[in-house]
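Student: For reference, the file final_4.cif (mmCIF, C-alpha atoms) is included below:
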```
data_work
#
loop_
_atom_site.label_atom_id
_atom_site.label_comp_id
_atom_site.auth_asym_id
_atom_site.auth_seq_id
_atom_site.Cartn_x
_atom_site.Cartn_y
_atom_site.Cartn_z
CA GLU A 1 90.88 79.11 156.29
CA PRO A 2 90.43 80.32 159.90
CA GLU A 3 87.99 83.16 160.33
CA VAL A 4 86.48 85.38 162.99
CA THR A 5 82.88 84.50 163.81
CA GLN A 6 80.25 86.68 165.49
CA THR A 7 76.85 86.04 167.00
CA PRO A 8 74.11 87.02 166.63
CA SER A 9 74.07 88.39 163.10
CA HIS A 10 71.23 90.74 164.01
CA GLN A 11 70.06 91.90 167.43
CA VAL A 12 67.04 94.05 168.08
CA THR A 13 66.68 95.56 171.54
CA GLN A 14 64.76 98.26 173.30
CA MET A 15 66.37 101.44 174.55
CA GLY A 16 67.79 100.98 178.03
CA GLN A 17 68.29 97.24 177.70
CA GLU A 18 71.62 95.47 178.03
CA VAL A 19 73.07 93.59 175.09
CA ILE A 20 76.03 91.27 174.75
CA LEU A 21 77.66 90.76 171.39
CA ARG A 22 79.80 87.69 170.99
CA CYS A 23 82.89 86.97 168.95
CA VAL A 24 85.19 84.01 168.46
CA PRO A 25 88.55 85.34 167.23
CA ILE A 26 90.90 83.33 165.04
CA SER A 27 92.56 80.61 167.07
CA ASN A 28 96.06 81.53 168.28
CA HIS A 29 95.50 85.24 167.69
CA LEU A 30 96.54 87.38 170.62
CA TYR A 31 94.99 90.80 169.93
CA PHE A 32 91.25 91.41 169.83
CA TYR A 33 89.30 94.47 168.77
CA TRP A 34 85.81 95.87 168.53
CA TYR A 35 84.76 98.42 165.92
CA ARG A 36 81.43 99.90 164.96
CA GLN A 37 80.05 101.34 161.75
CA ILE A 38 76.96 103.49 161.82
CA LEU A 39 75.02 103.21 158.56
CA GLY A 40 76.67 105.32 155.85
CA GLN A 41 79.60 106.30 158.06
CA LYS A 42 83.17 105.16 158.50
CA VAL A 43 84.39 102.26 160.59
CA GLU A 44 85.28 103.49 164.09
CA PHE A 45 87.60 101.86 166.60
CA LEU A 46 86.13 101.11 170.02
CA VAL A 47 88.60 99.04 172.01
CA SER A 48 91.58 96.72 171.82
CA PHE A 49 92.29 93.85 174.20
CA TYR A 50 95.52 92.00 174.84
CA ASN A 51 96.75 89.73 177.59
CA ASN A 52 93.36 89.83 179.31
CA GLU A 53 93.16 93.57 179.62
CA ILE A 54 92.15 96.61 177.64
CA SER A 55 95.11 98.05 175.72
CA GLU A 56 93.49 101.06 174.11
CA LYS A 57 90.02 102.53 173.95
CA SER A 58 88.47 105.36 172.01
CA GLU A 59 86.31 108.21 173.25
CA ILE A 60 83.26 106.24 172.10
CA PHE A 61 84.05 103.45 174.58
CA ASP A 62 82.55 105.05 177.69
CA ASP A 63 81.30 103.50 180.92
CA GLN A 64 78.32 101.96 179.11
CA PHE A 65 80.66 99.59 177.30
CA SER A 66 82.71 96.70 178.63
CA VAL A 67 84.63 93.82 177.12
CA GLU A 68 85.46 90.41 178.45
CA ARG A 69 87.22 87.24 177.42
CA PRO A 70 85.27 84.79 179.60
CA ASP A 71 87.09 81.70 178.33
CA GLY A 72 89.81 80.68 175.90
CA SER A 73 87.77 81.30 172.79
CA ASN A 74 85.07 83.95 173.24
CA PHE A 75 85.43 87.72 173.29
CA THR A 76 82.37 89.76 174.22
CA LEU A 77 81.21 93.37 174.05
CA LYS A 78 78.54 94.44 176.52
CA ILE A 79 76.49 97.59 176.23
CA ARG A 80 74.83 98.18 179.60
CA SER A 81 72.00 100.53 178.74
CA THR A 82 71.50 100.89 175.02
CA LYS A 83 70.64 104.19 173.37
CA LEU A 84 69.13 104.84 169.96
CA GLU A 85 72.51 106.10 168.75
CA ASP A 86 74.10 102.72 169.54
CA SER A 87 72.34 101.31 166.47
CA ALA A 88 75.18 100.23 164.17
CA MET A 89 77.12 97.29 162.79
CA TYR A 90 79.58 96.01 165.35
CA PHE A 91 82.65 94.24 164.04
CA CYS A 92 85.06 92.09 165.97
CA ALA A 93 88.61 91.71 164.66
CA SER A 94 91.71 89.83 165.70
CA SER A 95 95.39 89.86 164.84
CA ALA A 96 98.15 87.39 165.48
CA GLY A 97 100.67 89.72 167.08
CA GLY A 98 104.36 88.90 167.18
CA GLY A 99 105.10 91.42 164.44
CA SER A 100 102.00 90.59 162.40
CA TYR A 101 99.61 93.52 162.60
CA GLU A 102 97.00 92.52 160.03
CA GLN A 103 93.52 92.60 161.54
CA TYR A 104 90.89 90.20 160.28
CA PHE A 105 87.26 91.14 160.69
CA GLY A 106 84.24 89.04 161.52
CA PRO A 107 80.96 89.35 159.59
CA GLY A 108 79.51 91.75 162.14
CA THR A 109 76.43 92.03 164.32
CA ARG A 110 73.77 94.50 163.27
CA LEU A 111 72.40 96.11 166.44
CA THR A 112 69.08 97.88 166.17
CA VAL A 113 67.91 99.86 169.20
CA THR A 114 64.22 100.81 169.17
CA GLN B 1 93.48 113.96 166.21
CA LYS B 2 94.20 111.06 163.90
CA GLU B 3 92.63 111.57 160.49
CA VAL B 4 92.61 109.52 157.32
CA GLU B 5 91.35 111.21 154.18
CA GLN B 6 90.06 109.54 151.04
CA ASN B 7 88.15 110.79 148.04
CA SER B 8 84.68 109.33 148.49
CA GLY B 9 84.08 108.94 144.75
CA PRO B 10 82.43 107.27 143.03
CA LEU B 11 85.47 106.43 140.94
CA SER B 12 84.40 104.85 137.67
CA VAL B 13 86.96 102.75 135.76
CA PRO B 14 86.48 100.65 132.61
CA GLU B 15 86.95 96.90 132.92
CA GLY B 16 90.56 95.91 132.26
CA ALA B 17 91.96 99.34 133.16
CA ILE B 18 94.01 100.36 136.20
CA ALA B 19 92.15 101.76 139.20
CA SER B 20 94.12 104.15 141.38
CA LEU B 21 92.97 104.85 144.94
CA ASN B 22 94.61 107.39 147.24
CA CYS B 23 94.74 108.13 150.93
CA THR B 24 96.48 110.67 153.18
CA TYR B 25 96.89 110.45 156.94
CA SER B 26 97.67 113.00 159.61
CA ASP B 27 99.35 110.98 162.37
CA ARG B 28 103.09 110.98 161.68
CA VAL B 29 103.60 108.22 164.25
CA SER B 30 101.62 105.77 162.09
CA GLN B 31 103.63 102.66 161.32
CA SER B 32 101.25 100.24 159.64
CA PHE B 33 99.01 100.84 156.65
CA PHE B 34 96.23 98.71 155.25
CA TRP B 35 93.73 98.56 152.44
CA TYR B 36 90.42 96.85 153.02
CA ARG B 37 87.61 96.13 150.59
CA GLN B 38 84.04 96.39 151.80
CA TYR B 39 81.04 95.25 149.82
CA SER B 40 77.72 96.79 150.73
CA GLY B 41 76.37 95.31 153.96
CA LYS B 42 79.50 93.23 154.55
CA SER B 43 82.53 93.49 156.80
CA PRO B 44 85.92 94.90 155.77
CA GLU B 45 88.12 92.36 154.00
CA LEU B 46 91.89 92.84 154.18
CA ILE B 47 93.53 93.22 150.77
CA MET B 48 96.99 94.62 151.43
CA SER B 49 99.27 95.69 154.24
CA ILE B 50 102.37 97.85 153.85
CA TYR B 51 104.85 98.94 156.49
CA SER B 52 107.81 100.53 154.69
CA ASN B 53 108.24 103.16 152.01
CA GLY B 54 107.96 101.99 148.44
CA ASP B 55 105.80 99.52 146.56
CA LYS B 56 104.38 96.16 147.56
CA GLU B 57 102.76 93.93 144.96
CA ASP B 58 100.33 91.06 145.47
CA GLY B 59 98.72 89.70 142.33
CA ARG B 60 96.73 92.47 140.65
CA PHE B 61 97.17 94.79 143.63
CA THR B 62 100.04 97.18 144.37
CA ALA B 63 100.22 99.27 147.52
CA GLN B 64 102.47 102.31 147.63
CA LEU B 65 103.62 104.15 150.75
CA ASN B 66 105.36 107.50 151.13
CA LYS B 67 105.76 108.34 154.82
CA ALA B 68 107.38 111.73 154.14
CA SER B 69 104.27 112.80 152.24
CA GLN B 70 101.94 110.82 154.56
CA TYR B 71 100.42 109.20 151.50
CA VAL B 72 99.26 105.68 150.72
CA SER B 73 97.85 104.42 147.46
CA LEU B 74 96.41 101.25 145.99
CA LEU B 75 96.58 100.29 142.33
CA ILE B 76 94.32 97.59 140.92
CA ARG B 77 95.45 96.28 137.55
CA ASP B 78 93.16 94.58 135.04
CA SER B 79 90.09 95.79 136.97
CA GLN B 80 87.16 93.35 137.06
CA PRO B 81 83.48 94.07 137.74
CA SER B 82 83.87 92.05 140.96
CA ASP B 83 86.33 94.72 142.16
CA SER B 84 83.41 97.14 142.43
CA ALA B 85 83.23 97.93 146.15
CA THR B 86 84.22 100.55 148.71
CA TYR B 87 87.95 100.57 149.46
CA LEU B 88 88.96 101.59 152.95
CA CYS B 89 92.36 102.94 153.89
CA ALA B 90 93.37 102.26 157.49
CA VAL B 91 96.42 103.21 159.55
CA LYS B 92 97.68 102.35 163.01
CA ARG B 93 100.54 103.05 165.31
CA GLY B 94 102.08 99.99 166.89
CA GLY B 95 101.22 96.99 168.97
CA ALA B 96 97.63 96.74 170.11
CA ASP B 97 96.53 100.10 168.75
CA GLY B 98 93.28 100.21 166.85
CA LEU B 99 92.92 101.08 163.20
CA THR B 100 91.91 104.56 162.10
CA PHE B 101 89.84 104.28 158.95
CA GLY B 102 89.08 106.69 156.16
CA LYS B 103 85.52 107.02 154.89
CA GLY B 104 86.39 104.93 151.86
CA THR B 105 86.36 105.35 148.09
CA HIS B 106 83.48 103.84 146.17
CA LEU B 107 84.91 102.13 143.08
CA ILE B 108 82.76 101.16 140.12
CA ILE B 109 84.20 98.95 137.37
CA GLN B 110 82.23 99.39 134.18
CA PRO B 111 81.91 96.24 132.02
#
```
Take the structure in this file and express it as structure tokens.

Tutor:
Amino acid sequence: EPEVTQTPSHQVTQMGQEVILRCVPISNHLYFYWYRQILGQKVEFLVSFYNNEISEKSEIFDDQFSVERPDGSNFTLKIRSTKLEDSAMYFCASSAGGGSYEQYFGPGTRLTVT
Amino acid sequence: QKEVEQNSGPLSVPEGAIASLNCTYSDRVSQSFFWYRQYSGKSPELIMSIYSNGDKEDGRFTAQLNKASQYVSLLIRDSQPSDSATYLCAVKRGGADGLTFGKGTHLIIQP
């Protein structure tokens, strides 16, 4: 069964460093998303991406964040200058579109900022 | 402000019984409604989607939607210990909009 994959599973970085989290959405899906979940808190939407551009972004997704689809398979989230409060699980999700709105989540990347 | 409210639990249900999980949402423009299951340390796993008022059944799971009351529920029949997890209610508007999640209900199935 097709699934969303994410790398790395765990990333440790120092405050102020840049990180790039990578995702491979399900093949033929058209909509891509990033979410985060701080430990013990709810899953929060960051950004959606469709047709090679951002469709919607939340208040969390400020100028420190960017997304890119550099090729036909990868979808990346970049955090330019990490802060302690960026420590969280980051989930990528994708949906097929065309009337199908179910979003399927990857296993997540645990980001630890020290 | 889009809000999704769930009772955090824990909700304890005996094995074999019916577990009933509830969710209310504030955004009247919401069109799509989902239930996800999340085991500790894992990612959300889609269980059910529902788009129109009424019931939708899939195996042991039944989702119920009442848009007038802004209420979504999930029933789990013949509950199994493996159903013990946190159940997340999520809603969205249309198209490429992101999901708004509730905090989840922690369900414990007692053997």

Student: Which residues of chain A are close to chain B, meaning at most 9 Å apart when you count only C-alpha atoms, and how do they look as a PyMOL selection string?

Tutor: chain A and resi 31-35+41-50+55-58+89+91+95+97-99+101-108

Student: Just want the 10 Å neighbourhood of Tyr71 of chain B, counted on only C-alpha atoms, with same-chain residues fewer than 2 positions away dropped. Output as a PyMOL selection string.

Tutor: chain B and resi 4-5+22-26+33+53+64-69+73

Student: In Å to one decimal, how far is atom CA of Asn51 of chain A from atom CA of His29 of chain A?

Tutor: 10.9 Å

Student: Calculated over all atoms listed in the file, which of the candidates B:Thr86, B:Thr62, B:Ser12, B:Gln1 has the smallest distance to Leu74 of chain B?

Tutor: B:Thr62

Student: Counting only C-alpha atoms, which of A:Ser94, A:Ser81, A:Thr112, A:Thr5 gets nearest to Gln17 of chain A?

Tutor: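 Closest residue, counting only C-alpha atoms: A:Ser81.
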
Student: Calculate how many Å separate atom CA of Glu68 of chain A from atom CA of Glu85 of chain A, rounding to one decimal.

Tutor: 22.5 Å

Student: What does the distance between atom CA of Leu21 of chain A and atom CA of Asn74 of chain A come to in Å, to one decimal place?

Tutor: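 Straight-line distance from atom CA of Leu21 of chain A to atom CA of Asn74 of chain A works out to 10.2 Å.
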
Student: For a quick check of your reading of the model, name the residues lying within 7 Å of the coordinate (87.9, 85.0, 167.2), counting all atoms listed in the file, and write them as a ChimeraX atom specification.

Tutor: /A:4-5,23-27,73-74,94

Student: What residues come out when you apply the PyMOL selection byres ((chain B and resi 110) around 9) to this file, written as a PDB file with C-alpha atoms, in the coordinates of the input?

Tutor:
```pdb
ATOM      1  CA  SER B  12      84.400 104.850 137.670  1.00  0.00           C
ATOM      2  CA  VAL B  13      86.960 102.750 135.760  1.00  0.00           C
ATOM      3  CA  PRO B  14      86.480 100.650 132.610  1.00  0.00           C
ATOM      4  CA  GLU B  15      86.950  96.900 132.920  1.00  0.00           C
ATOM      5  CA  GLN B  80      87.160  93.350 137.060  1.00  0.00           C
ATOM      6  CA  PRO B  81      83.480  94.070 137.740  1.00  0.00           C
ATOM      7  CA  SER B  84      83.410  97.140 142.430  1.00  0.00           C
ATOM      8  CA  ILE B 108      82.760 101.160 140.120  1.00  0.00           C
ATOM      9  CA  ILE B 109      84.200  98.950 137.370  1.00  0.00           C
ATOM     10  CA  PRO B 111      81.910  96.240 132.020  1.00  0.00           C
TER      11      PRO B 111
END
```

Student: When you look at Thr114 of chain A with a cut-off of 7 Å (counting all atoms listed in the file), what residues show up, excluding the ones that are within fewer than 2 positions of it in the same chain? I need them as a PyMOL selection string.

Tutor: chain A and resi 13-15+84+112

Student: So which residues fall inside 8 Å of (80.5, 98.3, 178.0) if we count all atoms listed in the file? Mind giving them as a ChimeraX atom specification?

Tutor: /A:61-67,77-80

Student: To test your reading of the syntax: which residues would the PyMOL selection byres ((chain B and resi 60) around 7) return for the file shown? Reply as a list in words.

Tutor: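 So the PyMOL selection byres ((chain B and resi 60) around 7) ends up selecting Asp58, Gly59, Phe61, Thr62, Ile76, Arg77 and Asp78 of chain B.
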
Student: Which is closer to Thr109 of chain A than all the others in A:Ala96, A:Gly16, A:Thr76, A:Pro2, using all atoms listed in the file?

Tutor: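 Checking each of A:Ala96, A:Gly16, A:Thr76, A:Pro2 against Thr109 of chain A, counting all atoms listed in the file, the winner is A:Thr76.
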
Student: Under the PyMOL selection byres ((chain A and resi 10) around 7), which residues of this model are included? Write them out as an MDAnalysis selection string.

Tutor: chainID A and resid 8:9 11:12 109:111

Student: Using only C-alpha atoms for the distances, tell me which of B:Ala85, B:Ala17, B:Val91, B:Leu75 is nearest to Gln38 of chain B.

Tutor: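 Looking at the shortest contact to Gln38 of chain B, the residue is B:Ala85.
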
Student: Box along x, y and z, 8 Å on every side, all listed atoms of segment 29-38 of chain B inside: centre and edge lengths in Å to one decimal, as lines of an AutoDock Vina configuration file.

Tutor:
```
center_x = 93.8
center_y = 102.2
center_z = 157.4
size_x = 35.6
size_y = 28.1
size_z = 29.7
```
